[in-house]
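Inspection log for the structure reproduced underneath, given as structure tokens.
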Amino acid sequence: MKELLNRLYPPLLSVHSNQKEENEVERKEEEGDEINSNNNNKKDKKDDDNKNQIESSPIEKLEILNNIIELLQKESKQQLNSNGNEKQQQSSLSSSSSSIIFGNESLYELFLLKMRRLLQEPIRTLRTAALRTTRYFLKDESFLHVLIKLKLNLFIARSLERDKHHEAERLQALKLIRKWMAIRCDLLPNNIIYTLVSIAEHQEDSLSRICIEVMCEITIRYPKGSSHCGGIKLILNSILDPNHSSIQDPLVLCIIFLLNDENRKYVRNHLDIGILFSPIVDNFHVKDNTPIVTTNANVNAPNNAANNPPNSPNFEKEKRWDSSIKAITVMLRSWTGLIALSSHPFGLSSLINAFHLPSVELHDRILEALFDVFQLTVDRNSNPFKSFQTSSNSLEEYDSFGVVETPSRTKGERHNLLNNYLSALLTTFINCGLIEGLVTLGTKYSKNQDIGGSGEQVKIVAIKATLLLGELLYLTNSLLPPGQCAQVQTLPKLVEFAASFTLLDPRQRSRASTMLTNLHAYHHSKHSDSITEYQIPITVGPTSKWKRIKPRDRRLDRIEALKLKLDAQMDYDQLKLKIGESQVVATKDYSKWKWEIISDLIEGPLLANVSLLVYALKNKFVKRVISYFRPLSFAFSTMTWGNENLKYLRIACQLLQVLVGSDQGADYLLESKLLPEIAELMVLEIEAAKPASQQTANVQNKERLFSADKLLKKMSQEYFTMLGILSSSTRGLEVLKKQKLFLLMVELSELNGRDDLVNLIMTSLDYNVSEDSRIFLMKALSSTSTVVRFRATRHIRGLLRAGVDDFSNWGIDFLLRQLNDADPKVVQMALSILDEACNQVECMDSLIASKTQLLKFGQTGKNLWLKMLSRPAGFQRLSGEFIDEELKLWKEQLNLSYASNIEAELNDTFSPATHSRQRDPEQQSIGVYLSPHFYGELAKTKDGCNVLEKSNIVLEFLDLIKQHNVKNQMNRRASLWALGHIGSSITGFQFLSQYKTIQEIVNLTETDPCLSIRGTCFYVLGMMSQIHEARQILDSLSWESPMGSKSFITLPKDSKSNTFLKMPEYKFEGSFPMSGQLKYLDEMDEISKEILTNVAHLSNTISAESALKSLRRLKALHSEFFSSAVVMLQVYRLLSTYKYKLMVRRFIHELFEGVIWKDSDLEALDVP
């Protein structure tokens, strides 16, 4: 190696090469590339491709450099092959003492001295090769110290600053810097960082985008250097630049990273964050009447940008709006960003105050962003308030062939961490005046020139504002404590507007009144659609379709109850009159029947009074209605399936329920032809499945209403819904058994290729009463068809969520059988349902009693075993070796792994990509639900608490969370999550009370310097707040929770004075002149001083033009000074101290292009 280096200088080939010599060099380079490509690995092949761009250079030097690279590669490969582990291979390059090249500092100095001479050569190809060779040689930190000592960083920066004709050289310099960053980023000198910033700011440069990304990485690895050289300001400006919208998210996350901990001292408090709001609050002199396009767009796809051409005066302004709003949205999706913005005196308030500015387009964009921030998925493109005024009893649409998935009954009792974040976010925006701002938008009435848009635009924005306000008011009911909720719900400003007859314009008062009415209707609609309203009545899916399509209007409940009472008191004459009005007795043409009256009769007097039912049975009324529904009458059975025909199904279900409600009705149903004809259709389908030689003549002559095609398109599929109605009562079951319909349904389920029939029957039967229905489900679970087994297993989840009776006694057994299924999808579905079911105590006890081995089913099976520890019987079963082994594993690694997974899931939920991906159909809403935690499950029993106390693990957690200066904050988070799980149960909280744990966590929530730790503490306090004793302690500490024991949320009583959402005060240390590292110029002659003074003035945009002229004049008069290495050294000091634009840097280097360097000159230079 030393021999090769010594051959570089001397001898030297002449640097003056003619065209022939350059062509020879290019030919040699191509041959050398072919040789090197056989020795290079995949990573080095990309570098060899760049050599094709290298221009001519002296042949001997290039050959020497190629030989050096080959030697370096061979040395690297030998070290790589000596280690089996790939990660150890990379580290061994810098640690191996047996290496003859790497780690040899004397060789480093010799090598870098030669490379420094090469980097001063006027031939670009030689400089490029030198940079590439230096990158190959760079393996450890000691090499970097020698490189800085010999001032090679000055020439690396010079290579990077060159123009577009030196792309290969610039790329090699950039690659060298990237490798430098990977080894020790904080050793980067200021001159290199200044160069990267200048290139990044010069958008016309081809490396501008790459340098922005490099500066983003430097800011994270070395925030002090980035701040001193203007890198943080570059990132903030790039965030708002529409040309960099594709990398905006990582740039914002870089700022969030700085604000999270002690690195925030490199960000100017309030001033730098205020840059993000500047496009919103500045420059409103341009107006545009372009109509708003009402598409379901979010901040990532603004709805007006496409309407303004690029040369429009509004185009650039709107693009910057979008960049600003998107940046604010990304910041609000993290605890650090939320705290930083809420601490800013004019942060979120300026966003809300923009509602008062004359720009409807801006209002629309902010509203879309708020829908996105609060993760509201409502349709804001239509006017939902019209439907409240025009419709009241519309039928609800539903799908055929399957269960309508209901939300999990138990999942609502689990801790959704997203609700904690939304509660803090809601409180922050309420304090910033969001409610009042939405009221202002909803009551806009001014003329176009006052608002900045047309009347239609204002109307659209007003509808969106009202819709958002309605959603937020609904959220406050469940996420805010009663006192804070009451202050919001009163809407004093809106009520004042609606009641003012003197101060306001009549149009604004009218809008305010309309807004109040719409909010009341919307709140009622949301409340009616809540889970508690429709979850309980649903029994088994399609069996109760008729219940779901009934209007759910609580305001009519009392009227309906009174109506039923009056119907029960109806006499025979009144009943006869009603029957006559229905036209059922008068004509057989069902198209002339009054179906509304028929429904009222069946659901009213016939249901409430058995004697009236008996009278109707003797009358032709019931007979003709049943005759209409008979399959072979080809009336109802041949109708096209659709929502418009579901009213007939509803009446059929009502009638069947009325009939099986009494002995007389059940006997009448047995004697009717309805059920025998259904049975006949089943037999016909069974016969049709036989071979043609065994089929009877009836199969070919009769119409098969239960064929696959008819079931898909016709109402004949709803006969199984009717059978499901009968299976929901004791009398109905007796009727089905007497008609042998259960046996026929079992035979149908065994037909090959008729999965549709199995699915229909399975989802139609009722499982609350009948053992026969459960037997049918068991047969479906063991079907030969994988599709049927999967659907049957999934149907069990529907039964669980619907609250079917006695599920713990039979449902758990069914699921455990499915764990042995050959199809892994069925097994995973069964495990998922078991995990959900075991949130119920009865189901967990059944699982424990089964003594099933679950550890072989991966993490889900492990979680089920952990849940067993929450029950005394489960603890007794698993005590001993399992608990001891888990204690060791969780202490060593699993507790940290659990916290990492939770934090990763939270980051994924809050990341911008979450809102563009499709929601998992298994997941009813976006959220983060906590999985079982070993310590938390142990703490749910007294025996488990004794185990925790003996292990002293809680004391270790409490000690760790108090260590604010720990580099690895994940250990603190892991301790907090563990304490939260332990304290989320009564026994666990009583165990923690002796250590005053909740007081310590409240203190961390309000004062911890790491903002993300505050967010974790906020989650943990919410977990503990469900315990009554914990709420009492929190109340004494000025924290309160919403109503209900399952809220899992706690908030400061006075969020304005509480320091939870306040960033701690700090001193800004991001200014290089204030850092004490500024080096002053040495004493020099007058001409040199004048030159250096003008070079310094080039960094100021005001004085740059005059300084430029002065330097050109001095160059013409005193050219010898611009060849002086002494002057150039001082210029380098200025370039490493002040910020210059890229073109200015190039101009300065051109002025001093003729400098001839000596080694002694560079040794005297001391630059930061």
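By convention in this document, the chains of the structure tokens carry letters A, B, ... by their order, each chain's residues are numbered from 1, and ligands are numbered from 1 in the order they are shown.
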Non-local contacts of range 1044-1055 of chain A (9 Å; only C-alpha atoms; under 4 positions in same chain excluded) as a ChimeraX atom specification: /A:412-417,419-420,423-424,427-428,431,478-481,483-484,1018-1019,1021-1028,1031,1034-1035,1037-1040,1059-1061
Keeping only C-alpha atoms, write those residues as an mmCIF file, in the first residue's frame.
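Final output, saved to out.cif:
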data_model
loop_
_atom_site.group_PDB
_atom_site.id
_atom_site.type_symbol
_atom_site.label_atom_id
_atom_site.label_comp_id
_atom_site.auth_asym_id
_atom_site.auth_seq_id
_atom_site.Cartn_x
_atom_site.Cartn_y
_atom_site.Cartn_z
ATOM 1 C CA GLY A 412 -65.724 -1.169 23.833
ATOM 2 C CA GLU A 413 -64.603 -2.108 27.343
ATOM 3 C CA ARG A 414 -60.954 -2.311 26.285
ATOM 4 C CA HIS A 415 -58.655 0.654 26.435
ATOM 5 C CA ASN A 416 -58.525 2.527 23.102
ATOM 6 C CA LEU A 417 -55.539 4.834 23.433
ATOM 7 C CA ASN A 419 -59.549 8.300 22.780
ATOM 8 C CA ASN A 420 -56.984 9.710 25.225
ATOM 9 C CA SER A 423 -59.582 14.131 24.480
ATOM 10 C CA ALA A 424 -56.375 16.153 24.848
ATOM 11 C CA THR A 427 -59.437 20.283 24.968
ATOM 12 C CA THR A 428 -56.606 22.120 23.217
ATOM 13 C CA ASN A 431 -59.242 26.475 24.538
ATOM 14 C CA SER A 478 -67.808 10.736 25.956
ATOM 15 C CA LEU A 479 -64.313 12.235 26.086
ATOM 16 C CA LEU A 480 -64.589 15.245 28.407
ATOM 17 C CA PRO A 481 -65.472 15.512 32.097
ATOM 18 C CA GLY A 483 -67.908 20.281 33.868
ATOM 19 C CA GLN A 484 -65.851 20.886 30.733
ATOM 20 C CA PHE A 1018 -51.145 10.570 30.075
ATOM 21 C CA TYR A 1019 -52.111 7.157 28.687
ATOM 22 C CA LEU A 1021 -53.103 7.887 34.072
ATOM 23 C CA GLY A 1022 -56.102 7.105 31.880
ATOM 24 C CA MET A 1023 -55.619 3.388 32.496
ATOM 25 C CA MET A 1024 -55.597 3.926 36.251
ATOM 26 C CA SER A 1025 -58.475 6.410 36.246
ATOM 27 C CA GLN A 1026 -61.081 3.661 35.889
ATOM 28 C CA ILE A 1027 -60.430 2.722 39.535
ATOM 29 C CA HIS A 1028 -62.571 4.699 41.984
ATOM 30 C CA ARG A 1031 -60.117 9.030 40.667
ATOM 31 C CA LEU A 1034 -56.525 12.421 40.804
ATOM 32 C CA ASP A 1035 -59.263 14.776 41.935
ATOM 33 C CA LEU A 1037 -54.307 16.581 42.234
ATOM 34 C CA SER A 1038 -56.651 18.708 40.042
ATOM 35 C CA TRP A 1039 -57.388 16.013 37.475
ATOM 36 C CA GLU A 1040 -60.849 14.712 36.580
ATOM 37 C CA THR A 1059 -48.390 22.495 32.555
ATOM 38 C CA PHE A 1060 -49.220 19.167 30.869
ATOM 39 C CA LEU A 1061 -49.610 20.767 27.432
#
Those of range 750-787 of chain A in DSSP alpha helix (DSSP H), formatted as a PyMOL selection string: chain A and resi 755-764+771-781+786-787
Between CA of Gly642 in chain A and CA of Glu680 in chain A - distance in Å to one decimal: 25.0 Å
Surrounding residues of Leu601 in chain A excluding itself and chain neighbours under 5 positions, 9 Å, only C-alpha atoms, as a PyMOL selection string: chain A and resi 567+575+578-579+596+606-607
Taking 4 positions as the minimum chain separation for residues in the same chain, which residues sit within 12 Å of Leu271 in chain A when counting only C-alpha atoms? Answer as an mmCIF file with all heavy atoms, in the first residue's frame.
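Listing of result08.cif after writing:
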data_model
loop_
_atom_site.group_PDB
_atom_site.id
_atom_site.type_symbol
_atom_site.label_atom_id
_atom_site.label_comp_id
_atom_site.auth_asym_id
_atom_site.auth_seq_id
_atom_site.Cartn_x
_atom_site.Cartn_y
_atom_site.Cartn_z
ATOM 1 N N LYS A 233 -33.425 26.076 9.867
ATOM 2 C CA LYS A 233 -34.227 27.042 9.121
ATOM 3 C C LYS A 233 -34.473 26.552 7.697
ATOM 4 O O LYS A 233 -35.552 26.757 7.129
ATOM 5 C CB LYS A 233 -33.526 28.401 9.095
ATOM 6 C CG LYS A 233 -34.375 29.493 8.458
ATOM 7 C CD LYS A 233 -33.699 30.841 8.539
ATOM 8 C CE LYS A 233 -34.579 31.917 7.912
ATOM 9 N NZ LYS A 233 -33.936 33.257 7.957
ATOM 10 N N LEU A 236 -37.345 24.092 7.863
ATOM 11 C CA LEU A 236 -38.633 24.771 8.058
ATOM 12 C C LEU A 236 -39.108 25.416 6.764
ATOM 13 O O LEU A 236 -40.298 25.349 6.427
ATOM 14 C CB LEU A 236 -38.499 25.816 9.168
ATOM 15 C CG LEU A 236 -38.382 25.264 10.593
ATOM 16 C CD1 LEU A 236 -37.933 26.353 11.554
ATOM 17 C CD2 LEU A 236 -39.693 24.647 11.049
ATOM 18 N N TYR A 266 -32.009 23.978 20.231
ATOM 19 C CA TYR A 266 -31.504 24.421 18.931
ATOM 20 C C TYR A 266 -32.608 24.978 18.037
ATOM 21 O O TYR A 266 -32.355 25.337 16.897
ATOM 22 C CB TYR A 266 -30.800 23.270 18.225
ATOM 23 C CG TYR A 266 -29.638 22.721 19.012
ATOM 24 C CD1 TYR A 266 -29.649 21.415 19.496
ATOM 25 C CD2 TYR A 266 -28.534 23.527 19.291
ATOM 26 C CE1 TYR A 266 -28.584 20.912 20.228
ATOM 27 C CE2 TYR A 266 -27.467 23.026 20.034
ATOM 28 C CZ TYR A 266 -27.500 21.725 20.496
ATOM 29 O OH TYR A 266 -26.457 21.236 21.222
ATOM 30 N N VAL A 267 -33.822 25.025 18.555
ATOM 31 C CA VAL A 267 -34.957 25.601 17.826
ATOM 32 C C VAL A 267 -35.394 26.854 18.563
ATOM 33 O O VAL A 267 -35.605 26.827 19.781
ATOM 34 C CB VAL A 267 -36.129 24.600 17.735
ATOM 35 C CG1 VAL A 267 -37.287 25.199 16.960
ATOM 36 C CG2 VAL A 267 -35.674 23.299 17.093
ATOM 37 N N ILE A 275 -43.105 29.944 11.792
ATOM 38 C CA ILE A 275 -42.907 29.940 10.339
ATOM 39 C C ILE A 275 -43.953 29.068 9.659
ATOM 40 O O ILE A 275 -44.414 29.376 8.551
ATOM 41 C CB ILE A 275 -41.481 29.447 10.012
ATOM 42 C CG1 ILE A 275 -40.449 30.451 10.528
ATOM 43 C CG2 ILE A 275 -41.301 29.224 8.520
ATOM 44 C CD1 ILE A 275 -39.006 30.002 10.335
ATOM 45 N N LEU A 276 -44.360 27.981 10.312
ATOM 46 C CA LEU A 276 -45.325 27.061 9.704
ATOM 47 C C LEU A 276 -46.692 27.712 9.517
ATOM 48 O O LEU A 276 -47.468 27.297 8.655
ATOM 49 C CB LEU A 276 -45.467 25.807 10.574
ATOM 50 C CG LEU A 276 -44.184 24.997 10.805
ATOM 51 C CD1 LEU A 276 -44.457 23.807 11.700
ATOM 52 C CD2 LEU A 276 -43.597 24.542 9.477
ATOM 53 N N PHE A 277 -47.002 28.712 10.312
ATOM 54 C CA PHE A 277 -48.313 29.367 10.215
ATOM 55 C C PHE A 277 -48.296 30.584 9.297
ATOM 56 O O PHE A 277 -49.360 31.143 9.007
ATOM 57 C CB PHE A 277 -48.785 29.818 11.611
ATOM 58 C CG PHE A 277 -49.080 28.701 12.556
ATOM 59 C CD1 PHE A 277 -48.093 28.188 13.373
ATOM 60 C CD2 PHE A 277 -50.350 28.145 12.618
ATOM 61 C CE1 PHE A 277 -48.365 27.150 14.254
ATOM 62 C CE2 PHE A 277 -50.625 27.108 13.479
ATOM 63 C CZ PHE A 277 -49.636 26.610 14.301
ATOM 64 N N SER A 278 -47.114 30.978 8.845
ATOM 65 C CA SER A 278 -47.004 32.230 8.098
ATOM 66 C C SER A 278 -47.841 32.255 6.818
ATOM 67 O O SER A 278 -48.440 33.290 6.502
ATOM 68 C CB SER A 278 -45.534 32.524 7.793
ATOM 69 O OG SER A 278 -44.952 31.460 7.062
ATOM 70 N N ALA A 340 -46.153 21.342 21.488
ATOM 71 C CA ALA A 340 -45.440 22.499 20.934
ATOM 72 C C ALA A 340 -46.406 23.521 20.362
ATOM 73 O O ALA A 340 -46.256 24.730 20.585
ATOM 74 C CB ALA A 340 -44.462 22.033 19.857
ATOM 75 N N LEU A 341 -47.414 23.066 19.634
ATOM 76 C CA LEU A 341 -48.369 23.995 19.032
ATOM 77 C C LEU A 341 -49.286 24.621 20.065
ATOM 78 O O LEU A 341 -49.657 25.794 19.950
ATOM 79 C CB LEU A 341 -49.198 23.264 17.967
ATOM 80 C CG LEU A 341 -48.430 22.792 16.726
ATOM 81 C CD1 LEU A 341 -49.361 22.096 15.758
ATOM 82 C CD2 LEU A 341 -47.732 23.951 16.031
ATOM 83 N N HIS A 344 -47.451 27.429 21.815
ATOM 84 C CA HIS A 344 -47.183 28.631 21.019
ATOM 85 C C HIS A 344 -48.271 29.669 21.290
ATOM 86 O O HIS A 344 -49.458 29.381 21.215
ATOM 87 C CB HIS A 344 -47.169 28.272 19.536
ATOM 88 C CG HIS A 344 -46.550 29.313 18.671
ATOM 89 N ND1 HIS A 344 -47.189 30.505 18.365
ATOM 90 C CD2 HIS A 344 -45.348 29.359 18.041
ATOM 91 C CE1 HIS A 344 -46.406 31.222 17.584
ATOM 92 N NE2 HIS A 344 -45.286 30.558 17.368
ATOM 93 N N PRO A 345 -47.882 30.884 21.630
ATOM 94 C CA PRO A 345 -48.902 31.891 21.981
ATOM 95 C C PRO A 345 -49.871 32.201 20.847
ATOM 96 O O PRO A 345 -51.008 32.581 21.095
ATOM 97 C CB PRO A 345 -48.061 33.121 22.359
ATOM 98 C CG PRO A 345 -46.731 32.897 21.712
ATOM 99 C CD PRO A 345 -46.512 31.421 21.698
ATOM 100 N N PHE A 346 -49.428 32.056 19.608
ATOM 101 C CA PHE A 346 -50.306 32.340 18.471
ATOM 102 C C PHE A 346 -50.375 31.150 17.516
ATOM 103 O O PHE A 346 -50.621 31.322 16.331
ATOM 104 C CB PHE A 346 -49.811 33.586 17.711
ATOM 105 C CG PHE A 346 -49.615 34.783 18.587
ATOM 106 C CD1 PHE A 346 -48.343 35.217 18.913
ATOM 107 C CD2 PHE A 346 -50.704 35.460 19.117
ATOM 108 C CE1 PHE A 346 -48.158 36.321 19.734
ATOM 109 C CE2 PHE A 346 -50.523 36.559 19.937
ATOM 110 C CZ PHE A 346 -49.247 36.992 20.246
ATOM 111 N N GLY A 347 -50.134 29.951 18.022
ATOM 112 C CA GLY A 347 -50.098 28.769 17.175
ATOM 113 C C GLY A 347 -51.459 28.361 16.657
ATOM 114 O O GLY A 347 -51.943 28.846 15.628
ATOM 115 N N PHE A 1068 -32.201 29.317 24.070
ATOM 116 C CA PHE A 1068 -31.816 28.976 22.699
ATOM 117 C C PHE A 1068 -30.299 28.941 22.570
ATOM 118 O O PHE A 1068 -29.609 29.886 22.947
ATOM 119 C CB PHE A 1068 -32.419 30.004 21.732
ATOM 120 C CG PHE A 1068 -32.001 29.813 20.296
ATOM 121 C CD1 PHE A 1068 -32.322 28.650 19.619
ATOM 122 C CD2 PHE A 1068 -31.272 30.789 19.624
ATOM 123 C CE1 PHE A 1068 -31.936 28.468 18.298
ATOM 124 C CE2 PHE A 1068 -30.892 30.620 18.311
ATOM 125 C CZ PHE A 1068 -31.228 29.453 17.647
#
Tell me, as a CSV table (one decimal) with N, CA, C and O atoms, in the first residue's frame, which residues lie within 7 Å of range 966-977 of chain A, counting only C-alpha atoms; anything in the same chain fewer than 4 positions away does not count.
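What follows is the written file selection_12.csv:
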chain,number,residue,atom,x,y,z
A,895,ASN,N,-40.8,-7.1,28.5
A,895,ASN,CA,-41.4,-5.8,28.9
A,895,ASN,C,-41.0,-4.7,28.0
A,895,ASN,O,-41.9,-3.8,27.5
A,896,LEU,N,-39.8,-4.6,27.6
A,896,LEU,CA,-39.3,-3.6,26.7
A,896,LEU,C,-39.9,-3.8,25.3
A,896,LEU,O,-40.2,-2.9,24.6
A,899,ALA,N,-43.5,-2.6,25.2
A,899,ALA,CA,-43.6,-1.1,25.0
A,899,ALA,C,-43.2,-0.7,23.6
A,899,ALA,O,-43.8,0.2,23.1
A,957,PHE,N,-39.2,-0.3,38.5
A,957,PHE,CA,-39.9,0.6,37.6
A,957,PHE,C,-40.0,2.0,38.1
A,957,PHE,O,-39.8,3.0,37.4
A,960,LEU,N,-36.7,3.8,37.8
A,960,LEU,CA,-36.3,4.1,36.4
A,960,LEU,C,-37.1,5.3,35.9
A,960,LEU,O,-36.5,6.1,35.1
A,961,ILE,N,-38.4,5.4,36.2
A,961,ILE,CA,-39.2,6.5,35.6
A,961,ILE,C,-38.7,7.8,36.1
A,961,ILE,O,-39.0,8.9,35.5
A,981,HIS,N,-50.5,-0.9,33.6
A,981,HIS,CA,-51.3,-2.2,33.6
A,981,HIS,C,-51.5,-2.7,35.0
A,981,HIS,O,-52.6,-3.2,35.3
A,1013,ILE,N,-42.7,11.4,26.6
A,1013,ILE,CA,-42.9,10.7,27.9
A,1013,ILE,C,-44.2,11.2,28.6
A,1013,ILE,O,-44.9,10.5,29.2
A,1016,THR,N,-47.0,9.3,27.2
A,1016,THR,CA,-47.1,8.0,27.7
A,1016,THR,C,-47.7,8.0,29.1
A,1016,THR,O,-48.6,7.2,29.5
A,1017,CYS,N,-47.3,9.0,29.9
A,1017,CYS,CA,-47.8,9.2,31.3
A,1017,CYS,C,-49.3,9.5,31.2
A,1017,CYS,O,-50.1,9.0,32.1
A,1020,VAL,N,-51.1,6.3,30.7
A,1020,VAL,CA,-51.1,5.5,31.9
A,1020,VAL,C,-52.0,6.0,33.0
A,1020,VAL,O,-52.7,5.2,33.6
Exercise: range 206-220 of chain A partners within 7 Å, only C-alpha atoms, chain neighbours under 6 positions left out, as number ranges by chain: A: 185, 196, 199-200, 226, 231, 251, 254
